[in-house]
file run_7.cif (mmCIF, C-alpha atoms)
data_start
loop_
_atom_site.label_atom_id
_atom_site.label_comp_id
_atom_site.auth_asym_id
_atom_site.auth_seq_id
_atom_site.Cartn_x
_atom_site.Cartn_y
_atom_site.Cartn_z
CA MET A 1 110.44 93.19 85.29
CA ARG A 2 108.93 89.84 84.66
CA CYS A 3 105.32 89.71 83.71
CA GLN A 4 103.53 87.16 85.76
CA ASN A 5 100.08 88.08 84.75
CA SER A 6 98.25 84.84 84.51
CA LEU A 7 95.42 86.67 82.78
CA TRP A 8 97.52 86.66 79.69
CA ARG A 9 97.91 82.98 79.46
CA GLU A 10 96.59 81.77 76.17
CA ASN A 11 93.14 80.79 77.26
CA HIS A 12 92.49 83.80 79.41
CA VAL A 13 90.41 86.76 78.46
CA PRO A 14 89.64 89.15 81.23
CA PHE A 15 86.79 91.21 79.87
CA PRO A 16 83.37 89.68 79.46
CA GLY A 17 82.00 93.19 79.00
CA VAL A 18 83.78 93.33 75.70
CA ARG A 19 82.23 90.07 74.66
CA ARG A 20 78.77 91.27 75.54
CA LEU A 21 79.22 94.13 73.15
CA SER A 22 80.18 91.55 70.54
CA TYR A 23 83.44 93.26 69.94
CA ARG A 24 84.49 90.06 68.21
CA PRO A 25 81.78 87.57 67.39
CA ARG A 26 83.86 84.53 68.29
CA ALA A 27 85.24 86.04 71.42
CA ARG A 28 84.59 84.04 74.53
CA ALA A 29 85.58 85.56 77.79
CA ASP A 30 86.49 82.43 79.63
CA ASN A 31 87.96 84.20 82.53
CA ASP A 32 86.84 87.32 84.20
CA ARG A 33 87.67 86.75 87.85
CA ALA A 34 88.75 89.80 89.72
CA ALA A 35 86.38 92.22 88.16
CA VAL A 36 83.27 90.22 87.61
CA ARG A 37 83.36 87.02 89.52
CA TRP A 38 81.75 88.55 92.53
CA ARG A 39 78.82 89.34 90.36
CA ASN A 40 78.17 86.06 88.69
CA PRO A 41 80.51 83.21 89.56
CA HIS A 42 78.44 80.56 87.85
CA SER A 43 78.38 82.03 84.41
CA ALA A 44 82.10 82.68 84.71
CA ARG A 45 82.68 79.06 85.54
CA ARG A 46 80.49 77.84 82.74
CA ARG A 47 82.32 80.05 80.32
CA ALA A 48 85.58 78.68 81.60
CA ILE A 49 84.46 75.17 80.85
CA ARG A 50 82.99 75.99 77.49
CA SER A 51 85.79 77.81 75.82
CA ARG A 52 89.41 77.11 75.36
CA ARG A 53 91.02 79.82 73.37
CA SER A 54 89.93 83.25 72.37
CA PRO A 55 91.02 85.64 69.66
CA LEU A 56 90.25 88.50 72.01
CA SER A 57 93.40 87.83 73.95
CA SER A 58 95.43 89.07 71.04
CA ALA A 59 93.15 92.09 70.67
CA VAL A 60 93.65 93.16 74.25
CA GLY A 61 97.22 92.03 74.08
CA SER A 62 98.30 95.25 72.47
CA GLY A 63 97.54 96.96 75.73
CA HIS A 64 99.69 94.45 77.45
CA SER A 65 102.80 95.02 75.43
CA HIS A 66 102.29 98.73 75.89
CA ASP A 67 101.97 98.10 79.57
CA HIS A 68 105.56 97.06 79.77
CA SER A 69 107.14 99.22 77.12
CA HIS A 70 108.25 101.71 79.72
CA GLY A 71 109.35 99.10 82.21
CA GLU A 72 112.50 97.09 81.96
CA ALA A 73 111.48 95.76 78.61
CA GLY A 74 114.62 93.72 78.13
CA THR A 75 113.91 91.25 80.89
CA HIS A 76 110.22 91.06 80.25
CA GLN A 77 108.87 87.64 79.44
CA HIS A 78 105.65 85.74 79.72
CA ASP A 79 105.48 82.94 82.20
CA ALA A 80 103.12 80.83 80.20
CA GLU A 81 104.31 77.65 81.87
CA ALA A 82 104.17 79.03 85.42
CA TRP A 83 101.76 77.33 87.74
CA ALA A 84 98.42 79.00 88.27
CA PRO A 85 95.25 77.70 89.88
CA ALA A 86 92.70 76.35 87.44
CA ASP A 87 89.64 78.51 87.00
CA GLY A 88 86.61 77.74 89.07
CA ALA A 89 86.80 76.02 92.42
CA GLU A 90 90.58 75.81 92.60
CA ARG A 91 91.02 79.47 91.92
CA LEU A 92 88.28 80.43 94.37
CA PHE A 93 90.03 78.27 96.93
CA TYR A 94 93.40 79.97 96.47
CA THR A 95 91.77 83.39 96.51
CA ALA A 96 89.97 82.51 99.72
CA VAL A 97 93.21 81.24 101.29
CA SER A 98 95.15 84.34 100.33
CA ASN A 99 92.31 86.58 101.50
CA VAL A 100 92.43 84.86 104.87
CA CYS A 101 96.23 85.18 104.95
CA ALA A 102 96.00 88.90 104.16
CA GLY A 103 93.42 89.23 106.94
CA ILE A 104 95.72 87.41 109.38
CA GLY A 105 98.68 89.57 108.42
CA PHE A 106 96.81 92.85 108.71
CA SER A 107 95.16 91.78 111.96
CA ALA A 108 98.49 90.73 113.52
CA ILE A 109 99.86 94.21 112.94
CA LEU A 110 96.61 95.88 113.98
CA LEU A 111 96.55 93.89 117.23
CA VAL A 112 100.05 95.02 118.14
CA VAL A 113 99.27 98.64 117.29
CA MET A 114 96.09 98.56 119.38
CA ASN A 115 97.94 96.87 122.25
CA GLN A 116 100.65 99.53 122.17
CA LEU A 117 98.01 102.27 122.25
CA ARG A 118 96.26 100.50 125.12
CA GLU A 119 99.49 100.17 127.11
CA ARG A 120 100.01 103.88 126.77
CA GLY A 121 96.46 104.58 127.86
CA ARG A 122 95.49 106.06 124.48
CA LEU A 123 92.90 103.48 123.54
CA GLN A 124 90.01 101.96 125.40
CA LEU A 125 89.18 98.49 124.23
CA SER A 126 85.54 98.76 123.31
CA PRO A 127 83.78 97.74 120.10
CA GLY A 128 83.10 101.41 119.34
CA ARG A 129 86.76 102.35 119.60
CA GLY A 130 87.62 99.25 117.60
CA LEU A 131 85.30 100.54 114.87
CA ALA A 132 87.11 103.88 114.92
CA VAL A 133 90.48 102.17 114.61
CA GLY A 134 89.06 100.12 111.75
CA VAL A 135 88.00 103.30 109.94
CA ALA A 136 91.46 104.80 110.46
CA ALA A 137 93.11 101.64 109.14
CA TYR A 138 90.74 101.68 106.14
CA LEU A 139 91.73 105.26 105.40
CA ALA A 140 95.43 104.52 105.74
CA VAL A 141 95.68 101.16 104.00
CA PHE A 142 92.94 101.38 101.36
CA VAL A 143 91.89 104.98 100.73
CA ALA A 144 95.33 106.63 100.84
CA PRO A 145 96.95 104.44 98.18
CA SER A 146 93.72 104.35 96.16
CA LEU A 147 93.75 108.12 95.76
CA GLY A 148 96.95 107.85 93.75
CA LEU A 149 96.60 104.38 92.26
CA PRO A 150 92.90 103.45 92.16
CA PRO A 151 91.96 99.78 92.27
CA GLU A 152 92.45 98.49 88.77
CA ILE A 153 90.96 95.68 86.81
CA PRO A 154 93.35 93.30 85.11
CA GLY A 155 94.51 94.60 81.77
CA ALA A 156 94.62 98.26 82.69
CA SER A 157 97.83 100.00 81.78
CA ALA A 158 100.02 101.08 84.65
CA ALA A 159 103.52 102.21 85.47
CA ALA A 160 106.34 99.81 86.32
CA LEU A 161 105.45 97.40 89.10
CA GLU A 162 108.40 98.10 91.40
CA SER A 163 107.82 101.83 91.51
CA ARG A 164 104.15 101.31 92.30
CA GLN A 165 104.93 98.82 95.05
CA LEU A 166 107.42 101.21 96.59
CA TRP A 167 104.92 104.05 96.34
CA TRP A 168 102.20 101.89 97.91
CA LEU A 169 104.42 101.01 100.86
CA ALA A 170 105.58 104.59 101.39
CA THR A 171 102.03 105.93 101.11
CA VAL A 172 100.59 103.43 103.59
CA ILE A 173 103.36 104.00 106.15
CA LEU A 174 103.16 107.79 105.83
CA ALA A 175 99.36 107.67 106.04
CA CYS A 176 99.55 105.56 109.21
CA ILE A 177 101.96 108.02 110.82
CA GLY A 178 99.98 111.00 109.56
CA LEU A 179 96.65 109.70 110.84
CA ALA A 180 98.23 108.74 114.17
CA LEU A 181 99.59 112.28 114.52
CA LEU A 182 96.22 113.79 113.60
CA MET A 183 94.33 111.69 116.10
CA LEU A 184 96.80 111.29 118.95
CA ALA A 185 99.24 114.20 119.01
CA LYS A 186 98.64 117.23 121.16
CA SER A 187 97.95 120.82 120.09
CA TRP A 188 99.75 122.14 117.02
CA ARG A 189 101.66 118.90 116.45
CA ARG A 190 98.47 117.42 115.04
CA LEU A 191 98.95 119.56 111.96
CA LEU A 192 102.20 117.74 111.18
CA GLY A 193 100.02 114.82 110.15
CA LEU A 194 98.53 116.65 107.17
CA PRO A 195 101.71 117.02 105.07
CA LEU A 196 102.49 113.36 105.70
CA LEU A 197 99.08 112.43 104.27
CA LEU A 198 99.43 114.73 101.27
CA LEU A 199 103.11 114.22 100.45
CA PRO A 200 102.83 110.90 98.56
CA GLN A 201 100.03 112.26 96.36
CA ALA A 202 102.48 114.74 94.88
CA TRP A 203 104.50 111.92 93.44
CA VAL A 204 102.36 109.17 92.02
CA PRO A 205 103.88 106.69 89.56
CA THR A 206 101.17 107.27 87.01
CA HIS A 207 100.91 105.70 83.64
CA GLN A 208 101.25 107.98 80.62
CA GLY A 209 98.54 107.51 78.05
CA PRO A 210 95.11 105.90 78.05
CA LEU A 211 94.14 103.49 80.79
CA PHE A 212 92.92 100.88 78.35
CA ALA A 213 94.93 100.47 75.18
CA ASN A 214 92.04 98.86 73.36
CA PRO A 215 91.40 100.48 69.96
CA ASP A 216 87.60 100.11 70.16
CA PRO A 217 85.91 103.03 71.95
CA GLN A 218 82.91 100.82 72.79
CA ALA A 219 85.18 98.32 74.49
CA VAL A 220 86.94 101.12 76.34
CA ALA A 221 83.57 102.40 77.55
CA ALA A 222 82.65 98.93 78.79
CA LEU A 223 86.00 98.56 80.50
CA THR A 224 85.68 101.97 82.12
CA ALA A 225 82.25 101.07 83.49
CA LEU A 226 83.66 97.78 84.75
CA HIS A 227 86.56 99.64 86.30
CA ARG A 228 84.22 101.99 88.14
CA GLU A 229 82.19 99.05 89.39
CA PHE A 230 85.35 97.37 90.62
CA ILE A 231 86.47 100.47 92.51
CA LEU A 232 83.09 100.61 94.23
CA ALA A 233 83.07 96.90 95.04
CA SER A 234 86.62 96.78 96.38
CA GLY A 235 86.05 99.98 98.35
CA LEU A 236 82.98 98.55 100.06
CA THR A 237 84.50 95.14 100.75
CA ASN A 238 87.63 96.74 102.18
CA LEU A 239 85.53 98.99 104.38
CA VAL A 240 83.63 95.99 105.74
CA PHE A 241 86.91 94.11 106.19
CA TRP A 242 88.56 96.89 108.20
CA LEU A 243 85.50 97.60 110.33
CA LEU A 244 85.27 93.92 111.18
CA ALA A 245 89.02 93.70 111.81
CA GLY A 246 88.90 96.74 114.10
CA VAL A 247 85.96 95.51 116.16
CA LEU A 248 87.18 91.92 116.41
CA CYS A 249 90.74 92.96 117.31
CA ALA A 250 89.41 95.22 120.07
CA VAL A 251 87.16 92.49 121.46
CA VAL A 252 89.81 89.76 121.28
CA LEU A 253 92.52 91.98 122.75
CA LYS A 254 90.27 93.00 125.61
CA ARG A 255 89.46 89.39 126.32
CA SER A 256 93.12 88.31 126.32
CA VAL A 257 94.14 91.29 128.45
CA THR A 258 91.51 90.58 131.10
CA ALA A 259 92.36 86.88 130.98
CA THR A 260 96.00 87.58 131.88
CA GLY A 261 94.88 89.96 134.61
CA GLU A 262 96.76 92.79 133.01
CA GLY A 263 93.65 94.79 132.43
CA THR A 264 93.17 95.94 136.01
CA ASP A 265 95.99 98.47 136.16
CA VAL A 266 95.21 99.69 132.67
CA ALA A 267 91.60 100.31 133.56
CA ALA A 268 92.86 102.48 136.40
CA ALA A 269 95.21 104.38 134.11
CA MET B 1 113.76 98.31 153.39
CA SER B 2 111.81 95.15 152.75
CA ALA B 3 109.13 97.14 150.97
CA ASN B 4 111.84 98.72 148.89
CA LEU B 5 113.28 95.34 148.00
CA SER B 6 109.97 93.83 147.09
CA SER B 7 109.05 96.81 144.96
CA SER B 8 112.36 96.66 143.11
CA SER B 9 112.03 92.94 142.48
CA GLU B 10 108.47 93.57 141.39
CA ARG B 11 109.69 96.23 139.05
CA ALA B 12 112.34 93.89 137.70
CA ALA B 13 109.74 91.20 137.13
CA ARG B 14 107.45 93.68 135.45
CA SER B 15 110.19 95.00 133.20
CA GLY B 16 111.16 91.41 132.41
CA SER B 17 107.62 90.58 131.41
CA ARG B 18 107.41 93.81 129.49
CA ALA B 19 110.57 92.97 127.57
CA PHE B 20 109.14 89.55 126.81
CA SER B 21 105.92 91.13 125.73
CA LEU B 22 107.83 93.51 123.47
CA LEU B 23 109.58 90.51 121.93
CA GLN B 24 106.24 88.81 121.41
CA GLN B 25 104.74 91.90 119.86
CA GLY B 26 107.76 92.36 117.62
CA ALA B 27 107.38 88.76 116.51
CA ALA B 28 103.68 89.34 115.82
CA VAL B 29 104.45 92.37 113.65
CA LEU B 30 107.19 90.46 111.83
CA PHE B 31 104.79 87.58 111.24
CA GLY B 32 102.18 89.97 109.86
CA VAL B 33 104.69 91.66 107.58
CA VAL B 34 106.00 88.34 106.25
CA VAL B 35 102.49 87.03 105.57
CA LEU B 36 101.48 90.27 103.86
CA TYR B 37 104.67 90.27 101.80
CA ALA B 38 103.92 86.73 100.68
CA VAL B 39 100.34 87.56 99.75
CA GLY B 40 100.79 91.02 98.30
CA PHE B 41 104.33 91.49 97.06
CA LEU B 42 106.18 88.22 96.49
CA PRO B 43 107.35 88.36 92.87
CA MET B 44 107.45 84.57 92.44
CA SER B 45 104.97 83.82 89.71
CA ALA B 46 103.25 80.88 91.43
CA ALA B 47 102.63 83.06 94.48
CA HIS B 48 101.43 85.87 92.25
CA ASN B 49 99.00 83.63 90.39
CA ALA B 50 97.62 82.08 93.55
CA ALA B 51 97.05 85.42 95.26
CA HIS B 52 96.26 87.41 92.12
CA ASP B 53 92.62 88.21 92.85
CA THR B 54 93.42 89.09 96.45
CA ARG B 55 96.11 91.51 95.32
CA HIS B 56 93.65 93.30 93.08
CA ALA B 57 90.97 93.41 95.76
CA PHE B 58 93.30 94.85 98.41
CA VAL B 59 94.80 97.41 95.96
CA PHE B 60 98.23 95.89 96.19
CA PRO B 61 100.02 96.92 93.02
CA CYS B 62 99.77 94.00 90.60
CA HIS B 63 101.59 93.33 87.31
#
call {"tool": "encode", "arguments": {"input": "run_7.cif", "output": "structure tokens"}}
result
Amino acid sequence: MRCQNSLWRENHVPFPGVRRLSYRPRARADNDRAAVRWRNPHSARRRAIRSRRSPLSSAVGSGHSHDHSHGEAGTHQHDAEAWAPADGAERLFYTAVSNVCAGIGFSAILLVVMNQLRERGRLQLSPGRGLAVGVAAYLAVFVAPSLGLPPEIPGASAAALESRQLWWLATVILACIGLALLMLAKSWRRLLGLPLLLLPQAWVPTHQGPLFANPDPQAVAALTALHREFILASGLTNLVFWLLAGVLCAVVLKRSVTATGEGTDVAAA
Amino acid sequence: MSANLSSSSERAARSGSRAFSLLQQGAAVLFGVVVLYAVGFLPMSAAHNAAHDTRHAFVFPCH
């Protein structure tokens, strides 16, 4: 497994919380993006400009090496020279672009799913139903994998990447099928959805040992608080995203269906 | 007879359009999967670095 964590480039320190506690007096968190940027982008940017290199990176680095000790350690290497967007506007730009791409990808699939349901007469295209589909998608794509692998801030220890990616994919697919069974199947077959929802939780590629391999308990407390905040923030933003996606997909699909004149026979069905 | 013919040709047209629609929908799903793979799973490090924050926000497993 190659480590491509740009957070561990020389001039990157992910945890401003640690700096605030003056864990190291000279420590400058010049980069805090995923976890904190949504809270205060300007101070993050200023810090990025101000500081170049921080001793904290080596302090947190112990957690990093531990992170990969149970992976394929032999092939592990840092991609220090790999391209990464510069902090500040460039990084915000790439994050915005990839957010939009993720939205397009999820919505493309959601549109097809909703259209299939509509063709089979199982879904009326109204904003309310779109909201319901959005909630279901939120449960399947965000909540189900988060139960096993909660949203994590950069620097948290975790199991090998490939196993987690495989688990994520399996969990999301099983949750989609399970929720569909629960909501759409008839009579006792609904109950078949439950084991599909629960099955992946029995086998979660968890990390053995502490979440943060930082030796300082104060720093760990700060990181844990930050982690909790991040779970809350990502949970809320994902909920808003899926509700919006559900409603907009329903509205757009209805419009395109009525525009092609296909909607008449479906309305009768 | 003529009604029968017209209905069968209608059915053929409808099944043709349905097949086309299935193709379109399959293409849409494929497109979505490819885009999501690029954003959330592509192991290339430039792609990872560009989409890093998005991966964390969407709970895609990351590093």
call {"tool": "closest_residue", "arguments": {"input": "run_7.cif", "among": "B:Leu42, B:Val29, B:Ala47, B:Leu22", "to": "chain A", "atoms": "only C-alpha atoms"}}
result
B:Val29
call {"tool": "interface_residues", "arguments": {"input": "run_7.cif", "of": "chain A", "to": "chain B", "cutoff": "8 Å", "atoms": "only C-alpha atoms", "output": "PyMOL selection string"}}
result
chain A and resi 3-6+33-34+79+82-85+91+94-95+98-99+101-102+104-109+112+142+145-146+150-154+161+164-165+168+234+238
call {"tool": "write_last_selection", "arguments": {"input": "run_7.cif", "atoms": "C-alpha atoms", "output": "compact mmCIF listing (two decimals), in the frame of the given file"}}
result
# COMPACT_ATOMS: atom_id res chain seq x y z
CA CYS A 3 105.32 89.71 83.71
CA GLN A 4 103.53 87.16 85.76
CA ASN A 5 100.08 88.08 84.75
CA SER A 6 98.25 84.84 84.51
CA ARG A 33 87.67 86.75 87.85
CA ALA A 34 88.75 89.80 89.72
CA ASP A 79 105.48 82.94 82.20
CA ALA A 82 104.17 79.03 85.42
CA TRP A 83 101.76 77.33 87.74
CA ALA A 84 98.42 79.00 88.27
CA PRO A 85 95.25 77.70 89.88
CA ARG A 91 91.02 79.47 91.92
CA TYR A 94 93.40 79.97 96.47
CA THR A 95 91.77 83.39 96.51
CA SER A 98 95.15 84.34 100.33
CA ASN A 99 92.31 86.58 101.50
CA CYS A 101 96.23 85.18 104.95
CA ALA A 102 96.00 88.90 104.16
CA ILE A 104 95.72 87.41 109.38
CA GLY A 105 98.68 89.57 108.42
CA PHE A 106 96.81 92.85 108.71
CA SER A 107 95.16 91.78 111.96
CA ALA A 108 98.49 90.73 113.52
CA ILE A 109 99.86 94.21 112.94
CA VAL A 112 100.05 95.02 118.14
CA PHE A 142 92.94 101.38 101.36
CA PRO A 145 96.95 104.44 98.18
CA SER A 146 93.72 104.35 96.16
CA PRO A 150 92.90 103.45 92.16
CA PRO A 151 91.96 99.78 92.27
CA GLU A 152 92.45 98.49 88.77
CA ILE A 153 90.96 95.68 86.81
CA PRO A 154 93.35 93.30 85.11
CA LEU A 161 105.45 97.40 89.10
CA ARG A 164 104.15 101.31 92.30
CA GLN A 165 104.93 98.82 95.05
CA TRP A 168 102.20 101.89 97.91
CA SER A 234 86.62 96.78 96.38
CA ASN A 238 87.63 96.74 102.18
call {"tool": "atom_distance", "arguments": {"input": "run_7.cif", "atom1": "atom CA of A:Ser126", "atom2": "atom CA of A:Ala259"}}
result
15.7 Å
call {"tool": "atom_distance", "arguments": {"input": "run_7.cif", "atom1": "atom CA of A:Asp87", "atom2": "atom CA of A:Leu223"}}
result
21.4 Å
call {"tool": "atom_distance", "arguments": {"input": "run_7.cif", "atom1": "atom CA of A:Cys249", "atom2": "atom CA of A:Gly178"}}
result
21.7 Å
call {"tool": "resolve_selection", "arguments": {"input": "run_7.cif", "expression": "the PyMOL selection byres ((chain A and resi 194) around 10)", "output": "number ranges by chain"}}
result
A: 175, 177-179, 181-182, 190-193, 195-199
call {"tool": "decode", "arguments": {"input": "run_7.cif", "residues": "stretch 208-229 of chain A", "atoms": "N, CA and C atoms", "output": "short mmCIF file (atom, residue, chain, number, x, y, z; two decimals), in the first residue's frame"}}
result
data_model
loop_
_atom_site.label_atom_id
_atom_site.label_comp_id
_atom_site.auth_asym_id
_atom_site.auth_seq_id
_atom_site.Cartn_x
_atom_site.Cartn_y
_atom_site.Cartn_z
N GLN A 208 -6.58 -2.01 15.36
CA GLN A 208 -6.27 -2.43 16.73
C GLN A 208 -5.43 -1.35 17.41
N GLY A 209 -5.84 -0.98 18.61
CA GLY A 209 -5.06 0.01 19.33
C GLY A 209 -5.75 1.36 19.35
N PRO A 210 -5.07 2.35 19.93
CA PRO A 210 -5.71 3.66 20.07
C PRO A 210 -5.94 4.34 18.72
N LEU A 211 -6.95 5.20 18.69
CA LEU A 211 -7.28 5.89 17.45
C LEU A 211 -6.20 6.90 17.09
N PHE A 212 -5.71 7.59 18.11
CA PHE A 212 -4.66 8.57 17.87
C PHE A 212 -3.40 8.12 18.60
N ALA A 213 -2.34 7.93 17.84
CA ALA A 213 -1.12 7.40 18.44
C ALA A 213 -0.24 8.51 18.98
N ASN A 214 -0.86 9.59 19.41
CA ASN A 214 -0.10 10.69 19.98
C ASN A 214 0.16 10.39 21.46
N PRO A 215 1.39 10.58 21.92
CA PRO A 215 1.70 10.23 23.31
C PRO A 215 1.05 11.16 24.33
N ASP A 216 0.71 12.37 23.95
CA ASP A 216 0.20 13.35 24.91
C ASP A 216 -1.32 13.19 25.10
N PRO A 217 -1.76 12.89 26.33
CA PRO A 217 -3.20 12.70 26.56
C PRO A 217 -4.00 13.96 26.26
N GLN A 218 -3.40 15.14 26.51
CA GLN A 218 -4.11 16.39 26.21
C GLN A 218 -4.37 16.52 24.71
N ALA A 219 -3.35 16.17 23.94
CA ALA A 219 -3.50 16.23 22.49
C ALA A 219 -4.56 15.24 22.03
N VAL A 220 -4.53 14.05 22.63
CA VAL A 220 -5.51 13.03 22.25
C VAL A 220 -6.92 13.52 22.56
N ALA A 221 -7.06 14.20 23.72
CA ALA A 221 -8.38 14.73 24.08
C ALA A 221 -8.84 15.76 23.05
N ALA A 222 -7.91 16.63 22.64
CA ALA A 222 -8.25 17.65 21.64
C ALA A 222 -8.63 16.99 20.32
N LEU A 223 -7.86 15.97 19.95
CA LEU A 223 -8.14 15.29 18.69
C LEU A 223 -9.48 14.57 18.75
N THR A 224 -9.78 13.98 19.91
CA THR A 224 -11.06 13.28 20.04
C THR A 224 -12.22 14.24 19.92
N ALA A 225 -12.07 15.43 20.55
CA ALA A 225 -13.13 16.44 20.43
C ALA A 225 -13.29 16.87 18.98
N LEU A 226 -12.16 17.06 18.32
CA LEU A 226 -12.18 17.46 16.91
C LEU A 226 -12.85 16.38 16.07
N HIS A 227 -12.52 15.14 16.40
CA HIS A 227 -13.08 14.00 15.68
C HIS A 227 -14.61 13.99 15.81
N ARG A 228 -15.07 14.22 17.03
CA ARG A 228 -16.52 14.21 17.28
C ARG A 228 -17.19 15.33 16.49
N GLU A 229 -16.54 16.49 16.50
CA GLU A 229 -17.07 17.63 15.73
C GLU A 229 -17.15 17.29 14.25
#
